[in-house]
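The file target.txt contains compact mmCIF, C-alpha atoms and all ligand atoms:
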```
# COMPACT_ATOMS: atom_id res chain seq x y z
CA MET A 270 -126.18 -102.24 10.85
CA SER A 271 -129.30 -101.14 12.72
CA ALA A 272 -131.36 -98.09 11.73
CA THR A 273 -130.11 -96.20 14.79
CA THR A 274 -126.50 -96.38 13.58
CA THR A 275 -127.06 -94.91 10.14
CA THR A 276 -128.36 -91.38 10.86
CA THR A 277 -125.26 -90.00 12.55
CA GLY A 278 -121.80 -90.37 11.16
CA LEU A 279 -120.07 -88.33 13.82
CA SER A 280 -121.47 -86.50 16.81
CA LEU A 281 -119.67 -84.17 19.21
CA LYS A 282 -121.71 -83.25 22.27
CA ASN A 283 -120.72 -80.46 24.67
CA VAL A 284 -117.06 -81.04 23.88
CA GLY A 285 -114.52 -79.02 25.84
CA LEU A 286 -110.74 -79.18 25.62
CA GLN A 287 -108.42 -77.35 27.97
CA PHE A 288 -104.65 -77.34 28.05
CA GLY A 289 -102.62 -76.54 31.17
CA ASP A 290 -104.10 -75.68 34.52
CA GLY A 291 -104.54 -72.81 36.94
CA ASP A 292 -103.68 -69.38 35.54
CA SER A 293 -102.20 -70.80 32.34
CA THR A 294 -105.29 -72.70 31.17
CA VAL A 295 -106.00 -72.44 27.45
CA THR A 296 -109.49 -73.36 26.27
CA ALA A 297 -109.03 -74.85 22.80
CA LEU A 298 -112.63 -76.12 22.48
CA ASP A 299 -115.51 -74.50 24.33
CA ASP A 300 -118.76 -76.49 24.53
CA VAL A 301 -118.65 -77.64 20.90
CA ASN A 302 -121.70 -79.41 19.48
CA LEU A 303 -121.51 -80.84 15.97
CA GLU A 304 -123.35 -83.58 14.10
CA VAL A 305 -122.08 -84.65 10.71
CA ALA A 306 -124.35 -86.95 8.75
CA PRO A 307 -123.12 -89.80 6.56
CA GLY A 308 -122.53 -88.33 3.10
CA GLU A 309 -122.14 -84.75 4.37
CA LEU A 310 -119.12 -82.49 3.81
CA VAL A 311 -118.79 -79.90 6.58
CA ALA A 312 -116.14 -77.20 6.26
CA ILE A 313 -114.67 -75.43 9.26
CA VAL A 314 -112.99 -72.06 8.86
CA GLY A 315 -111.62 -69.67 11.44
CA PRO A 316 -108.56 -67.69 12.49
CA SER A 317 -105.27 -69.18 13.55
CA GLY A 318 -105.39 -70.57 17.08
CA ALA A 319 -109.21 -70.79 17.07
CA GLY A 320 -109.23 -74.54 17.80
CA LYS A 321 -109.69 -76.12 14.35
CA SER A 322 -106.82 -78.61 14.64
CA SER A 323 -107.94 -79.43 18.17
CA LEU A 324 -111.38 -80.24 16.82
CA LEU A 325 -109.93 -82.63 14.21
CA ALA A 326 -107.73 -84.28 16.85
CA VAL A 327 -110.69 -84.83 19.16
CA ALA A 328 -112.99 -85.97 16.34
CA GLY A 329 -110.33 -88.46 15.23
CA GLY A 330 -109.83 -89.96 18.67
CA LEU A 331 -106.24 -88.67 18.78
CA THR A 332 -106.91 -86.36 21.74
CA GLN A 333 -109.41 -87.07 24.50
CA PRO A 334 -111.56 -84.02 25.30
CA THR A 335 -111.63 -82.62 28.83
CA SER A 336 -115.42 -82.85 28.81
CA GLY A 337 -118.25 -84.00 26.56
CA SER A 338 -118.50 -86.96 24.22
CA VAL A 339 -117.46 -87.91 20.68
CA VAL A 340 -119.63 -90.59 19.10
CA LEU A 341 -118.68 -92.24 15.82
CA ARG A 342 -121.70 -94.15 14.54
CA ASP A 343 -122.66 -95.86 17.80
CA ILE A 344 -119.19 -95.89 19.39
CA ASP A 345 -118.39 -93.37 22.13
CA LEU A 346 -114.69 -92.58 21.58
CA THR A 347 -114.43 -90.91 24.97
CA ALA A 348 -115.39 -94.19 26.67
CA THR A 349 -113.13 -96.42 24.57
CA PRO A 350 -109.80 -97.85 25.82
CA GLN A 351 -106.64 -96.71 23.98
CA ARG A 352 -105.98 -100.02 22.23
CA GLN A 353 -109.48 -100.16 20.77
CA LEU A 354 -109.23 -96.48 19.84
CA ALA A 355 -106.18 -97.22 17.69
CA GLU A 356 -108.14 -99.92 15.87
CA ILE A 357 -111.12 -97.62 15.36
CA ARG A 358 -108.82 -94.94 13.97
CA ARG A 359 -107.30 -97.44 11.51
CA ASN A 360 -110.61 -98.90 10.39
CA GLN A 361 -113.24 -96.20 10.76
CA ILE A 362 -111.45 -92.89 10.31
CA GLY A 363 -109.63 -91.62 7.23
CA PHE A 364 -107.18 -88.73 7.51
CA VAL A 365 -106.12 -86.39 4.69
CA PHE A 366 -103.35 -83.90 5.42
CA GLN A 367 -102.03 -80.61 3.96
CA SER A 368 -99.36 -82.38 2.03
CA SER A 369 -100.51 -85.79 0.99
CA ASN A 370 -97.94 -87.63 3.19
CA LEU A 371 -97.54 -90.42 0.66
CA LEU A 372 -94.66 -92.87 0.99
CA PRO A 373 -92.04 -91.80 -1.61
CA SER A 374 -91.07 -95.29 -2.78
CA LEU A 375 -94.56 -96.66 -3.40
CA THR A 376 -96.69 -96.33 -6.52
CA ALA A 377 -100.14 -94.78 -6.22
CA LEU A 378 -101.75 -98.22 -6.32
CA ASP A 379 -99.39 -99.63 -3.67
CA GLN A 380 -100.14 -96.72 -1.31
CA LEU A 381 -103.73 -97.98 -1.26
CA ARG A 382 -102.83 -101.66 -1.16
CA LEU A 383 -100.51 -101.09 1.81
CA MET A 384 -103.29 -99.38 3.76
CA SER A 385 -105.62 -102.30 3.02
CA THR A 386 -102.96 -104.74 4.17
CA ILE A 387 -102.21 -102.83 7.39
CA THR A 388 -105.83 -102.66 8.42
CA GLY A 389 -106.76 -106.12 7.14
CA ARG A 390 -110.12 -104.69 6.19
CA PRO A 391 -111.68 -105.70 2.88
CA GLY A 392 -112.78 -102.08 2.39
CA ARG A 393 -112.86 -100.85 -1.20
CA ASP A 394 -111.08 -102.12 -4.27
CA PRO A 395 -107.88 -100.01 -4.74
CA ASN A 396 -108.10 -100.05 -8.55
CA GLU A 397 -111.72 -98.95 -8.59
CA LEU A 398 -110.99 -96.25 -6.06
CA LEU A 399 -108.11 -94.86 -8.13
CA GLU A 400 -110.47 -94.86 -11.09
CA SER A 401 -113.04 -93.01 -9.02
CA VAL A 402 -110.60 -90.22 -8.11
CA GLY A 403 -109.41 -89.92 -11.72
CA MET A 404 -106.03 -91.51 -11.08
CA ALA A 405 -106.31 -94.94 -12.74
CA HIS A 406 -103.98 -93.83 -15.54
CA ARG A 407 -101.33 -92.84 -12.94
CA ALA A 408 -101.65 -95.98 -10.78
CA GLY A 409 -98.04 -97.05 -11.45
CA LYS A 410 -96.48 -93.67 -10.65
CA ARG A 411 -94.62 -92.77 -7.46
CA PRO A 412 -95.35 -89.49 -5.58
CA GLY A 413 -92.29 -87.78 -7.10
CA GLN A 414 -93.78 -88.35 -10.57
CA LEU A 415 -97.13 -86.80 -9.65
CA SER A 416 -98.32 -83.18 -9.41
CA GLY A 417 -99.51 -81.73 -6.08
CA GLY A 418 -103.15 -82.12 -7.08
CA GLU A 419 -102.58 -85.70 -8.21
CA ARG A 420 -100.85 -86.50 -4.92
CA GLN A 421 -103.82 -85.15 -3.00
CA ARG A 422 -106.17 -87.31 -5.11
CA VAL A 423 -104.12 -90.37 -4.16
CA GLY A 424 -104.12 -89.21 -0.52
CA ILE A 425 -107.92 -88.97 -0.60
CA ALA A 426 -108.20 -92.42 -2.19
CA ARG A 427 -105.84 -93.87 0.42
CA ALA A 428 -107.95 -92.37 3.22
CA LEU A 429 -111.08 -93.96 1.72
CA VAL A 430 -109.72 -97.42 0.93
CA THR A 431 -110.73 -98.83 4.33
CA ASP A 432 -114.28 -97.56 3.68
CA PRO A 433 -114.25 -95.41 6.84
CA ALA A 434 -117.28 -93.87 8.55
CA VAL A 435 -115.52 -90.55 9.01
CA LEU A 436 -113.06 -88.55 6.91
CA LEU A 437 -111.02 -85.78 8.58
CA VAL A 438 -109.29 -83.40 6.23
CA ASP A 439 -106.77 -80.74 7.26
CA GLU A 440 -106.08 -77.89 4.82
CA PRO A 441 -106.09 -80.08 1.68
CA THR A 442 -105.51 -77.15 -0.68
CA ALA A 443 -102.67 -75.44 1.19
CA ALA A 444 -100.10 -76.43 -1.44
CA LEU A 445 -102.33 -76.12 -4.53
CA ASP A 446 -103.15 -73.39 -7.02
CA ARG A 447 -106.69 -72.14 -7.38
CA ALA A 448 -107.84 -74.45 -10.17
CA ARG A 449 -106.38 -77.57 -8.51
CA SER A 450 -107.89 -76.50 -5.18
CA HIS A 451 -111.37 -76.43 -6.70
CA GLU A 452 -110.83 -79.82 -8.34
CA VAL A 453 -109.61 -81.46 -5.13
CA VAL A 454 -112.44 -80.14 -2.94
CA GLN A 455 -115.02 -80.97 -5.60
CA LEU A 456 -113.59 -84.49 -5.56
CA LEU A 457 -113.82 -84.60 -1.76
CA ALA A 458 -117.47 -83.57 -1.99
CA ASP A 459 -118.20 -86.18 -4.69
CA GLU A 460 -116.49 -88.98 -2.77
CA THR A 461 -118.16 -87.93 0.49
CA HIS A 462 -121.57 -88.16 -1.14
CA ARG A 463 -120.78 -91.35 -3.05
CA ALA A 464 -119.22 -93.23 -0.12
CA GLY A 465 -121.67 -91.92 2.50
CA VAL A 466 -118.77 -90.85 4.71
CA ALA A 467 -119.12 -88.05 7.28
CA THR A 468 -116.42 -85.54 6.33
CA ILE A 469 -115.00 -82.59 8.23
CA MET A 470 -112.59 -80.34 6.33
CA VAL A 471 -110.61 -77.58 8.01
CA THR A 472 -109.58 -74.87 5.59
CA HIS A 473 -108.40 -71.27 5.30
CA ASP A 474 -109.42 -71.29 1.64
CA HIS A 475 -112.79 -69.54 1.34
CA ASP A 476 -112.81 -70.06 -2.45
CA VAL A 477 -113.56 -73.76 -2.07
CA LEU A 478 -116.46 -73.43 0.39
CA VAL A 479 -118.88 -73.45 -2.52
CA HIS A 480 -118.38 -77.23 -2.80
CA CYS A 481 -119.29 -77.92 0.84
CA ASP A 482 -122.69 -78.89 2.24
CA ARG A 483 -122.28 -76.77 5.37
CA VAL A 484 -119.79 -74.18 6.55
CA LEU A 485 -119.06 -73.51 10.21
CA GLU A 486 -116.77 -70.99 11.80
CA MET A 487 -114.60 -71.55 14.82
CA ILE A 488 -113.67 -68.58 16.95
CA ASP A 489 -112.04 -68.87 20.39
CA GLY A 490 -112.97 -72.55 20.59
CA LYS A 491 -116.64 -71.97 19.81
CA LEU A 492 -118.35 -73.30 16.70
CA SER A 493 -121.15 -71.46 14.92
CA PRO A 494 -122.60 -71.19 11.39
CA LEU A 495 -120.51 -68.91 9.16
CA ALA A 496 -121.96 -65.40 9.43
CA THR A 497 -121.81 -64.61 5.72
CA ASP A 498 -123.21 -67.11 3.24
CA ALA A 499 -119.86 -67.95 1.69
CA ALA A 500 -121.09 -71.24 0.29
N1 LIG B 1 -100.69 -79.31 23.03
C1 LIG B 1 -101.08 -78.07 23.36
N2 LIG B 1 -100.70 -77.52 24.54
C2 LIG B 1 -101.09 -76.28 24.90
N3 LIG B 1 -101.88 -75.49 24.13
C3 LIG B 1 -102.29 -75.98 22.95
C4 LIG B 1 -101.91 -77.29 22.50
N4 LIG B 1 -102.49 -77.51 21.27
C5 LIG B 1 -103.17 -76.39 20.98
N5 LIG B 1 -103.06 -75.47 21.99
C6 LIG B 1 -103.70 -74.15 22.03
O1 LIG B 1 -105.08 -74.35 21.79
C7 LIG B 1 -105.59 -73.29 20.97
C8 LIG B 1 -106.20 -73.88 19.70
O2 LIG B 1 -105.14 -74.39 18.88
P1 LIG B 1 -105.40 -75.12 17.48
O3 LIG B 1 -104.08 -75.59 16.98
O4 LIG B 1 -106.47 -76.09 17.65
O5 LIG B 1 -105.91 -73.88 16.58
P2 LIG B 1 -106.12 -73.82 14.97
O6 LIG B 1 -107.40 -73.11 14.75
O7 LIG B 1 -105.95 -75.16 14.41
O8 LIG B 1 -104.91 -72.90 14.52
P3 LIG B 1 -104.14 -72.89 13.06
O9 LIG B 1 -105.16 -72.41 12.06
O10 LIG B 1 -103.04 -71.90 13.28
O11 LIG B 1 -103.65 -74.27 12.80
C9 LIG B 1 -104.44 -72.33 20.73
O12 LIG B 1 -104.50 -71.31 21.71
C10 LIG B 1 -103.23 -73.21 20.94
O13 LIG B 1 -102.13 -72.43 21.36
```
This structure in structure tokens:
Amino acid sequence: MSATTTTTGLSLKNVGLQFGDGDSTVTALDDVNLEVAPGELVAIVGPSGAGKSSLLAVAGGLTQPTSGSVVLRDIDLTATPQRQLAEIRRNQIGFVFQSSNLLPSLTALDQLRLMSTITGRPGRDPNELLESVGMAHRAGKRPGQLSGGERQRVGIARALVTDPAVLLVDEPTAALDRARSHEVVQLLADETHRAGVATIMVTHDHDVLVHCDRVLEMIDGKLSPLATDAA
């Protein structure tokens, strides 16, 4: 990897996203600029309908913006054909959802192994990764045998097993109590720093912002630093 590809994990430049047309146009993202460095955890807060999910969708190459560019390392996602985009999403982008979305019949270890098999990427060793997220002792358990916090730990490990450049996290603490929420976001911060992944986390949970490197607020599709120093 050349020096020019290591400074930026993910870069959104002048990104706009509109839905509909004419009188019914909704502006979900309004000239958004965001650079997330490798090893940085950026949190995004904001009211419902502000554009946070739209930002994750655009950053993850799931939705093409109406204007602007999304660059992952040195790849411009807005100039990449659909088939290649799917491959980039599989190999370079990890997703963590509100509920961990684990497959009910697979053990924790097999959730990671399956992801490695699907992508065919050497990535990281599933056993070591489970150890890293504090789940080695639960490797043989299925999701139904795990607590909500444990499931999220496995979900984070699964998202990291391909050794992605970018991690996109949507409301990871929505189903967790306060103590587990702190543990899970602290883990996200630790893994972000350790793996050198560029992480964006959308959250309504202001309690956990203390673990994040940077906090931004989205209002009416515009992104700005959080007014109060919540972190
Ligand atoms: N597929 C779509 N078609 C039309 N409008 C959409 C679509 N997706 C999102 N929007 C609109 O774009 C705006 C931003 O929505 P978005 O879901 O990104 O907000 P959000 O901040 O994630 O909200 P929440 O916190 O409730 O999940 C809203 O006005 C929403 O109604």
Neighbours of region 326-337 of chain A within 8 Å (all atoms listed in the file; same-chain residues fewer than 4 positions away dropped), as a compact mmCIF listing (two decimals) with C-alpha atoms, keeping the file's coordinate frame?
```txt
# COMPACT_ATOMS: atom_id res chain seq x y z
CA LEU A 279 -120.07 -88.33 13.82
CA LEU A 281 -119.67 -84.17 19.21
CA LYS A 282 -121.71 -83.25 22.27
CA ASN A 283 -120.72 -80.46 24.67
CA VAL A 284 -117.06 -81.04 23.88
CA GLY A 285 -114.52 -79.02 25.84
CA LEU A 286 -110.74 -79.18 25.62
CA GLN A 287 -108.42 -77.35 27.97
CA ASP A 300 -118.76 -76.49 24.53
CA SER A 322 -106.82 -78.61 14.64
CA LEU A 346 -114.69 -92.58 21.58
CA THR A 347 -114.43 -90.91 24.97
CA LEU A 354 -109.23 -96.48 19.84
CA ARG A 358 -108.82 -94.94 13.97
CA ILE A 362 -111.45 -92.89 10.31
CA LEU A 437 -111.02 -85.78 8.58
```
So, with all atoms listed in the file as the atoms that count, which of A:Met487, A:Val365, A:Leu492, A:Leu436 lies closest to ligand LIG 1 (chain B)?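 The shortest atom-to-atom distance to ligand LIG 1 (chain B) comes from A:Met487.
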Any residue with an atom at most 8 Å from ligand LIG 1 (chain B) counts, using all atoms listed in the file. Which are they? Put them as a ChimeraX atom specification. /A:287-289,295-298,315-324,473,487,489-490
Hey, which bits of region 284-363 of chain A sit within 9 Å of region 475-486 of chain A, and for each residue what's the closest pair of atoms and how far apart in Å (one decimal), counting only C-alpha atoms, rows by chain and increasing number, as a Markdown table?
```
| residue | atom | partner | partner_atom | distance |
| --- | --- | --- | --- | --- |
| A:Glu309 | CA | A:Asp482 | CA | 6.3 |
| A:Leu310 | CA | A:Asp482 | CA | 5.3 |
| A:Val311 | CA | A:Arg483 | CA | 4.8 |
| A:Ala312 | CA | A:Val484 | CA | 4.7 |
| A:Ile313 | CA | A:Leu485 | CA | 4.9 |
| A:Val314 | CA | A:Glu486 | CA | 4.9 |
| A:Gly315 | CA | A:Glu486 | CA | 5.3 |
| A:Pro316 | CA | A:Glu486 | CA | 8.9 |
```
Suppose we keep C-alpha atoms; can you now write the selection as a compact mmCIF listing (two decimals), in the coordinates of the input?
```txt
# COMPACT_ATOMS: atom_id res chain seq x y z
CA GLU A 309 -122.14 -84.75 4.37
CA LEU A 310 -119.12 -82.49 3.81
CA VAL A 311 -118.79 -79.90 6.58
CA ALA A 312 -116.14 -77.20 6.26
CA ILE A 313 -114.67 -75.43 9.26
CA VAL A 314 -112.99 -72.06 8.86
CA GLY A 315 -111.62 -69.67 11.44
CA PRO A 316 -108.56 -67.69 12.49
```
Which of these residues is nearest to Arg407 (chain A), using only C-alpha atoms: A:Asp292, A:Asp379, A:Asp299, A:Asp474?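 Residue with the minimum atom-to-atom distance to Arg407 (chain A): A:Asp379.
Closest approach to Leu399 (chain A) among A:Gln367, A:Gln380, A:Ser280, A:Thr442 is made by A:Gln380 (distances from only C-alpha atoms).
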With all atoms listed in the file counted, which protein, DNA or RNA residues have an atom no more than 8 Å from (-102.8, -90.5, -7.9) in the file frame? Please answer as a PyMOL selection string. chain A and resi 377-378+399+402-405+407-408+410+412+415+419-424
So how many Å separate CA of Ser368 (chain A) and CA of Asp439 (chain A), to one decimal?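 Pair CA of Ser368 (chain A) / CA of Asp439 (chain A) returns 9.2 Å.
Atom pair CA of Phe366 (chain A) / CA of Leu456 (chain A): separated by 15.0 Å.
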For a test of reading the model, state the distance in Å between CA of Leu375 (chain A) and CA of Gly409 (chain A), rounded to one decimal.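 Between CA of Leu375 (chain A) and CA of Gly409 (chain A) the gap works out to 8.8 Å.
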A:Asp394, A:Glu400, A:Asp290, A:Glu304: which is nearest Asp432 (chain A), counting all atoms listed in the file?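 Closest to Asp432 (chain A), using all atoms listed in the file: A:Asp394.
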Env of region 341-343 of chain A: 8 Å cut, atoms = all atoms listed in the file, seq-sep filter 2 positions within chain, self excluded. Answer as a ChimeraX atom specification. /A:274-275,277-280,339,345-346,434-435
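Distance check against Gly363 (chain A) using only C-alpha atoms: of A:Arg393, A:Arg463, A:Arg427, A:Arg382, the minimum falls on A:Arg427.
Compared by their closest atoms to Leu457 (chain A), and using all atoms listed in the file, the residues A:Pro433, A:Glu356, A:Val340, A:Gly308 rank with A:Gly308 nearest.
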Return as JSON the centre and edge lengths, in Å with one decimal, of the box along x, y and z that encloses every atom of region 470-476 of chain A in the file, padded by 8 Å per side.
```
{"center_x": -110.6, "center_y": -74.9, "center_z": 2.8, "size_x": 20.4, "size_y": 26.8, "size_z": 26.5}
```
If we count all atoms listed in the file, what is near Gly417 (chain A) at a cut-off of 9 Å, once residues fewer than 6 positions away on the same chain are taken out, given as a count of residues only? 5
